[in-house]
>>> print(open('data.txt').read())   # compact mmCIF, C-alpha atoms
# COMPACT_ATOMS: atom_id res chain seq x y z
CA MET X 718 92.82 110.96 88.09
CA ASN X 719 89.82 112.23 86.17
CA LYS X 720 88.98 115.56 87.78
CA SER X 721 85.79 115.93 85.73
CA ARG X 722 84.01 113.32 87.84
CA HIS X 723 81.89 114.71 90.62
CA ILE X 724 83.15 113.64 94.04
CA PRO X 725 80.50 114.02 96.72
CA PRO X 726 81.29 115.64 100.07
CA ALA X 727 82.46 113.34 102.83
CA GLU X 728 80.31 112.61 105.86
CA PHE X 729 81.86 113.23 109.30
CA LEU X 730 80.10 111.04 111.86
CA PRO X 731 80.80 110.47 115.55
CA PHE X 732 80.78 106.86 116.72
CA GLU X 733 77.34 107.29 118.30
CA ALA X 734 75.85 108.17 114.89
CA LEU X 735 76.94 104.86 113.33
CA ASP X 736 74.12 102.35 113.21
CA ILE X 737 75.04 98.66 113.24
CA HIS X 738 74.73 98.34 109.46
CA LEU X 739 77.06 101.27 108.79
CA LEU X 740 79.53 100.10 111.43
CA TYR X 741 79.53 96.64 109.83
CA GLU X 742 80.15 98.22 106.39
CA ILE X 743 83.09 100.20 107.78
CA LEU X 744 84.64 97.23 109.58
CA HIS X 745 84.13 95.02 106.52
CA LEU X 746 85.99 97.49 104.30
CA ARG X 747 88.79 97.98 106.82
CA ALA X 748 89.28 94.21 107.05
CA LYS X 749 89.11 93.86 103.26
CA VAL X 750 91.90 96.40 102.73
CA PHE X 751 94.12 96.14 105.80
CA VAL X 752 93.80 92.45 106.70
CA VAL X 753 93.00 90.57 103.48
CA GLU X 754 94.50 92.73 100.70
CA GLN X 755 97.63 93.62 102.66
CA ASN X 756 97.87 90.13 104.16
CA CYS X 757 98.31 91.60 107.63
CA ALA X 758 96.73 89.99 110.67
CA TYR X 759 96.39 92.70 113.30
CA GLN X 760 93.93 93.89 115.95
CA ASP X 761 91.82 96.48 114.14
CA LEU X 762 89.36 97.06 116.97
CA ASP X 763 91.47 99.19 119.30
CA TYR X 764 88.89 101.16 121.32
CA ARG X 765 89.82 104.36 119.46
CA ASP X 766 86.74 104.26 117.24
CA GLN X 767 84.58 105.46 120.13
CA HIS X 768 86.64 108.69 120.36
CA SER X 769 86.84 109.24 116.62
CA LEU X 770 85.01 110.98 113.85
CA HIS X 771 84.40 108.53 111.04
CA VAL X 772 84.87 110.05 107.61
CA LEU X 773 82.92 108.35 104.85
CA LEU X 774 82.93 109.07 101.16
CA ARG X 775 80.23 107.29 99.19
CA ARG X 776 80.09 106.60 95.50
CA HIS X 777 77.07 105.06 93.76
CA GLY X 778 75.56 104.21 97.15
CA ARG X 779 78.63 102.30 98.33
CA LEU X 780 81.30 103.16 100.88
CA ALA X 781 84.18 104.08 98.57
CA ALA X 782 86.70 105.75 100.90
CA TYR X 783 87.08 105.96 104.65
CA ALA X 784 89.28 107.42 107.37
CA ARG X 785 88.96 108.19 111.03
CA ILE X 786 89.96 111.29 112.93
CA ILE X 787 90.99 110.38 116.47
CA LEU X 788 89.98 113.34 118.55
CA PRO X 789 92.33 114.58 121.29
CA GLN X 790 91.40 113.47 124.80
CA THR X 791 93.74 115.89 126.61
CA ALA X 792 94.80 119.50 126.07
CA ASP X 793 98.24 118.58 124.73
CA GLU X 794 97.35 115.72 122.40
CA PRO X 795 97.44 116.15 118.63
CA VAL X 796 94.62 115.22 116.32
CA ARG X 797 95.38 111.87 114.70
CA ILE X 798 94.26 110.54 111.34
CA GLY X 799 94.15 106.82 110.73
CA ARG X 800 92.69 103.91 108.79
CA VAL X 801 92.76 105.92 105.56
CA LEU X 802 91.63 103.70 102.71
CA THR X 803 89.88 103.48 99.37
CA GLU X 804 87.78 100.52 98.30
CA PRO X 805 89.80 98.77 95.55
CA ALA X 806 87.00 99.16 92.98
CA PHE X 807 87.08 102.96 93.44
CA ARG X 808 90.81 103.63 93.34
CA ARG X 809 92.47 106.07 90.92
CA GLN X 810 89.41 108.35 90.92
CA GLY X 811 90.74 111.04 93.26
CA LEU X 812 88.62 109.95 96.21
CA ALA X 813 91.42 109.69 98.78
CA GLU X 814 92.78 113.08 97.78
CA SER X 815 89.34 114.69 98.03
CA MET X 816 88.69 113.02 101.37
CA MET X 817 92.06 114.16 102.79
CA GLN X 818 91.41 117.74 101.62
CA GLN X 819 88.05 117.67 103.40
CA ILE X 820 89.61 116.16 106.54
CA MET X 821 92.29 118.83 106.71
CA THR X 822 89.70 121.58 106.16
CA TYR X 823 87.63 120.12 109.02
CA ILE X 824 90.64 119.91 111.36
CA ARG X 825 91.81 123.45 110.58
CA ARG X 826 88.29 124.74 111.27
CA HIS X 827 87.53 122.74 114.44
CA HIS X 828 91.02 122.23 115.94
CA PRO X 829 93.03 125.19 114.63
CA ASP X 830 95.68 125.11 117.36
CA ARG X 831 96.44 121.38 117.15
CA SER X 832 99.11 119.56 115.25
CA VAL X 833 98.01 116.51 113.27
CA GLU X 834 99.79 113.16 113.24
CA LEU X 835 99.47 110.00 111.23
CA SER X 836 101.37 106.78 110.71
CA ALA X 837 101.83 106.48 106.95
CA GLN X 838 102.81 103.43 105.00
CA THR X 839 106.18 104.51 103.65
CA TYR X 840 105.18 104.30 99.99
CA LEU X 841 102.43 106.88 100.66
CA THR X 842 104.61 109.65 102.14
CA ALA X 843 104.49 111.75 98.94
CA PHE X 844 100.68 111.56 99.01
CA TYR X 845 100.53 112.98 102.54
CA GLU X 846 103.22 115.57 101.83
CA LYS X 847 100.76 117.16 99.35
CA PHE X 848 98.66 118.12 102.38
CA GLY X 849 101.56 119.63 104.32
CA PHE X 850 102.62 116.60 106.35
CA ARG X 851 106.33 116.10 107.02
CA ARG X 852 108.23 112.98 107.99
CA ARG X 853 109.36 112.74 111.60
CA GLY X 854 111.85 110.10 112.61
CA HIS X 855 112.92 106.93 110.91
CA GLU X 856 111.01 104.23 109.11
CA TYR X 857 109.66 101.48 111.36
CA LEU X 858 107.66 98.30 110.94
CA GLU X 859 104.05 98.30 112.05
CA ASP X 860 102.49 94.87 111.74
CA GLY X 861 105.28 93.93 109.33
CA ILE X 862 104.64 96.89 106.98
CA PRO X 863 107.13 99.81 106.64
CA HIS X 864 105.67 103.02 108.10
CA VAL X 865 106.85 106.50 108.96
CA ARG X 866 105.43 109.00 111.44
CA MET X 867 104.18 112.16 109.74
CA VAL X 868 103.18 115.45 111.32
CA TRP X 869 101.30 118.54 110.14
CA GLU X 870 102.03 121.58 112.30
CA GLY X 871 99.97 124.26 110.65
CA GLU X 872 100.44 126.52 107.71
>>> encode(input="data.txt", output="C-alpha cells")
Amino acid sequence: MNKSRHIPPAEFLPFEALDIHLLYEILHLRAKVFVVEQNCAYQDLDYRDQHSLHVLLRRHGRLAAYARIILPQTADEPVRIGRVLTEPAFRRQGLAESMMQQIMTYIRRHHPDRSVELSAQTYLTAFYEKFGFRRRGHEYLEDGIPHVRMVWEGE
C-alpha cells in the first residue's frame, strides 16, 4: 500500500439521498464484485439498503470502494457492516482500510454503546481484526463461500 497517495474522505449517505444514477452505480459495482467476480449467484437486494447508510469512497470521479452500515432498528440490535468491497481497478491502494477506519470512527461517534457485527469472508479475518473485530463461532458457508461471524464490542 502506498500511503503517500491522498485518499479522500468517504461519503456517508442514507438511502433517501441516493439518486437513481448513484444507486445504479452502487448496484453495478456490487454485482461486478460479488456476483460476477466471485461467481456467486445470490439475492443482493435484501430490503436492508433502505435502513442503511451507504459509504462511498471515490477516486478520480469513480466509485472505488463501498460498504453499507445497517442501522439498528431496535434497542438491542447491533450495528452491522456489510457489502464491503473495492473496485478491482483500485485495489492495493489502501482504500478499504481507509474506508473501514472512517466507518469505525463514525460508528463510535454515533452509536457508542452498540456492538458491531459483520459476516467476513474467512480469508479477510486478519483485515477486520486490525479494526478490533474478533471471530465468533465457527466458519460457515454463505452462498457457497466460507465466512465467519465477527464482532467488535468496543475498546
>>> residues_around(input="data.txt", residues="stretch 847-857 of chain X", least_positions_apart="6", cutoff="6 Å", atoms="only C-alpha atoms", output="list in words")
Pro863, His864, Val865, Arg866, Met867, Val868 and Trp869 of chain X
>>> residues_around(input="data.txt", residues="X:Tyr783", least_positions_apart="2", cutoff="8 Å", atoms="only C-alpha atoms", output="ChimeraX atom specification")
/X:743,771-774,780-781,785,800-803,816
>>> write_last_selection(input="data.txt", atoms="C-alpha atoms", output="mmCIF file, in the coordinates of the input")
data_model
loop_
_atom_site.group_PDB
_atom_site.id
_atom_site.type_symbol
_atom_site.label_atom_id
_atom_site.label_comp_id
_atom_site.auth_asym_id
_atom_site.auth_seq_id
_atom_site.Cartn_x
_atom_site.Cartn_y
_atom_site.Cartn_z
ATOM 1 C CA ILE X 743 83.090 100.200 107.780
ATOM 2 C CA HIS X 771 84.400 108.530 111.040
ATOM 3 C CA VAL X 772 84.870 110.050 107.610
ATOM 4 C CA LEU X 773 82.920 108.350 104.850
ATOM 5 C CA LEU X 774 82.930 109.070 101.160
ATOM 6 C CA LEU X 780 81.300 103.160 100.880
ATOM 7 C CA ALA X 781 84.180 104.080 98.570
ATOM 8 C CA ARG X 785 88.960 108.190 111.030
ATOM 9 C CA ARG X 800 92.690 103.910 108.790
ATOM 10 C CA VAL X 801 92.760 105.920 105.560
ATOM 11 C CA LEU X 802 91.630 103.700 102.710
ATOM 12 C CA THR X 803 89.880 103.480 99.370
ATOM 13 C CA MET X 816 88.690 113.020 101.370
#
>>> atom_distance(input="data.txt", atom1="atom CA of X:Leu730", atom2="atom CA of X:Leu770")
5.3 Å
>>> closest_residue(input="data.txt", among="X:His723, X:Arg797, X:Arg831, X:Arg825", to="X:His777", atoms="all atoms listed in the file")
X:His723
>>> atom_distance(input="data.txt", atom1="atom CA of X:Val833", atom2="atom CA of X:Glu870")
6.5 Å
>>> residues_around(input="data.txt", residues="X:Arg776", least_positions_apart="5", cutoff="12 Å", atoms="all atoms listed in the file", output="PDB file with C-alpha atoms, in the coordinates of the input")
ATOM      1  CA  ARG X 722      84.010 113.320  87.840  1.00  0.00           C
ATOM      2  CA  HIS X 723      81.890 114.710  90.620  1.00  0.00           C
ATOM      3  CA  ILE X 724      83.150 113.640  94.040  1.00  0.00           C
ATOM      4  CA  PRO X 725      80.500 114.020  96.720  1.00  0.00           C
ATOM      5  CA  PRO X 726      81.290 115.640 100.070  1.00  0.00           C
ATOM      6  CA  ALA X 727      82.460 113.340 102.830  1.00  0.00           C
ATOM      7  CA  GLU X 728      80.310 112.610 105.860  1.00  0.00           C
ATOM      8  CA  ALA X 781      84.180 104.080  98.570  1.00  0.00           C
ATOM      9  CA  ALA X 782      86.700 105.750 100.900  1.00  0.00           C
ATOM     10  CA  TYR X 783      87.080 105.960 104.650  1.00  0.00           C
ATOM     11  CA  THR X 803      89.880 103.480  99.370  1.00  0.00           C
ATOM     12  CA  GLU X 804      87.780 100.520  98.300  1.00  0.00           C
ATOM     13  CA  ALA X 806      87.000  99.160  92.980  1.00  0.00           C
ATOM     14  CA  PHE X 807      87.080 102.960  93.440  1.00  0.00           C
ATOM     15  CA  ARG X 808      90.810 103.630  93.340  1.00  0.00           C
ATOM     16  CA  GLN X 810      89.410 108.350  90.920  1.00  0.00           C
ATOM     17  CA  GLY X 811      90.740 111.040  93.260  1.00  0.00           C
ATOM     18  CA  LEU X 812      88.620 109.950  96.210  1.00  0.00           C
TER      19      LEU X 812
END
>>> closest_residue(input="data.txt", among="X:Arg779, X:Tyr840, X:Gly861, X:Ile824", to="X:Leu739", atoms="only C-alpha atoms")
X:Arg779
>>> build_atoms(input="data.txt", residues="stretch 773-793 of chain X", atoms="N, CA and C atoms", output="tab-separated table (two decimals), keeping the file's coordinate frame")
chain	number	residue	atom	x	y	z
X	773	LEU	N	83.40	109.26	105.88
X	773	LEU	CA	82.92	108.35	104.85
X	773	LEU	C	82.70	109.10	103.55
X	774	LEU	N	83.17	108.52	102.48
X	774	LEU	CA	82.93	109.07	101.16
X	774	LEU	C	82.23	107.98	100.35
X	775	ARG	N	81.03	108.28	99.92
X	775	ARG	CA	80.23	107.29	99.19
X	775	ARG	C	80.27	107.57	97.71
X	776	ARG	N	80.16	106.51	96.96
X	776	ARG	CA	80.09	106.60	95.50
X	776	ARG	C	79.09	105.55	95.04
X	777	HIS	N	78.10	105.97	94.29
X	777	HIS	CA	77.07	105.06	93.76
X	777	HIS	C	76.44	104.23	94.89
X	778	GLY	N	76.21	104.87	96.03
X	778	GLY	CA	75.56	104.21	97.15
X	778	GLY	C	76.45	103.29	97.97
X	779	ARG	N	77.71	103.20	97.62
X	779	ARG	CA	78.63	102.30	98.33
X	779	ARG	C	79.69	103.11	99.08
X	780	LEU	N	80.19	102.55	100.17
X	780	LEU	CA	81.30	103.16	100.88
X	780	LEU	C	82.54	103.00	100.01
X	781	ALA	N	83.07	104.12	99.52
X	781	ALA	CA	84.18	104.08	98.57
X	781	ALA	C	85.51	104.47	99.20
X	782	ALA	N	85.47	105.34	100.21
X	782	ALA	CA	86.70	105.75	100.90
X	782	ALA	C	86.33	106.03	102.35
X	783	TYR	N	87.33	105.85	103.21
X	783	TYR	CA	87.08	105.96	104.65
X	783	TYR	C	88.36	106.40	105.36
X	784	ALA	N	88.18	107.10	106.45
X	784	ALA	CA	89.28	107.42	107.37
X	784	ALA	C	88.64	107.72	108.72
X	785	ARG	N	89.47	107.75	109.74
X	785	ARG	CA	88.96	108.19	111.03
X	785	ARG	C	89.88	109.28	111.56
X	786	ILE	N	89.25	110.22	112.25
X	786	ILE	CA	89.96	111.29	112.93
X	786	ILE	C	89.85	110.99	114.41
X	787	ILE	N	90.98	110.67	115.04
X	787	ILE	CA	90.99	110.38	116.47
X	787	ILE	C	91.11	111.71	117.19
X	788	LEU	N	90.05	112.04	117.90
X	788	LEU	CA	89.98	113.34	118.55
X	788	LEU	C	90.83	113.36	119.81
X	789	PRO	N	91.48	114.49	120.10
X	789	PRO	CA	92.33	114.58	121.29
X	789	PRO	C	91.50	114.40	122.56
X	790	GLN	N	92.07	113.69	123.52
X	790	GLN	CA	91.40	113.47	124.80
X	790	GLN	C	91.97	114.35	125.91
X	791	THR	N	93.13	114.98	125.64
X	791	THR	CA	93.74	115.89	126.61
X	791	THR	C	94.14	117.17	125.88
X	792	ALA	N	94.48	118.19	126.65
X	792	ALA	CA	94.80	119.50	126.07
X	792	ALA	C	96.07	119.51	125.22
X	793	ASP	N	96.97	118.56	125.45
X	793	ASP	CA	98.24	118.58	124.73
X	793	ASP	C	98.35	117.52	123.64
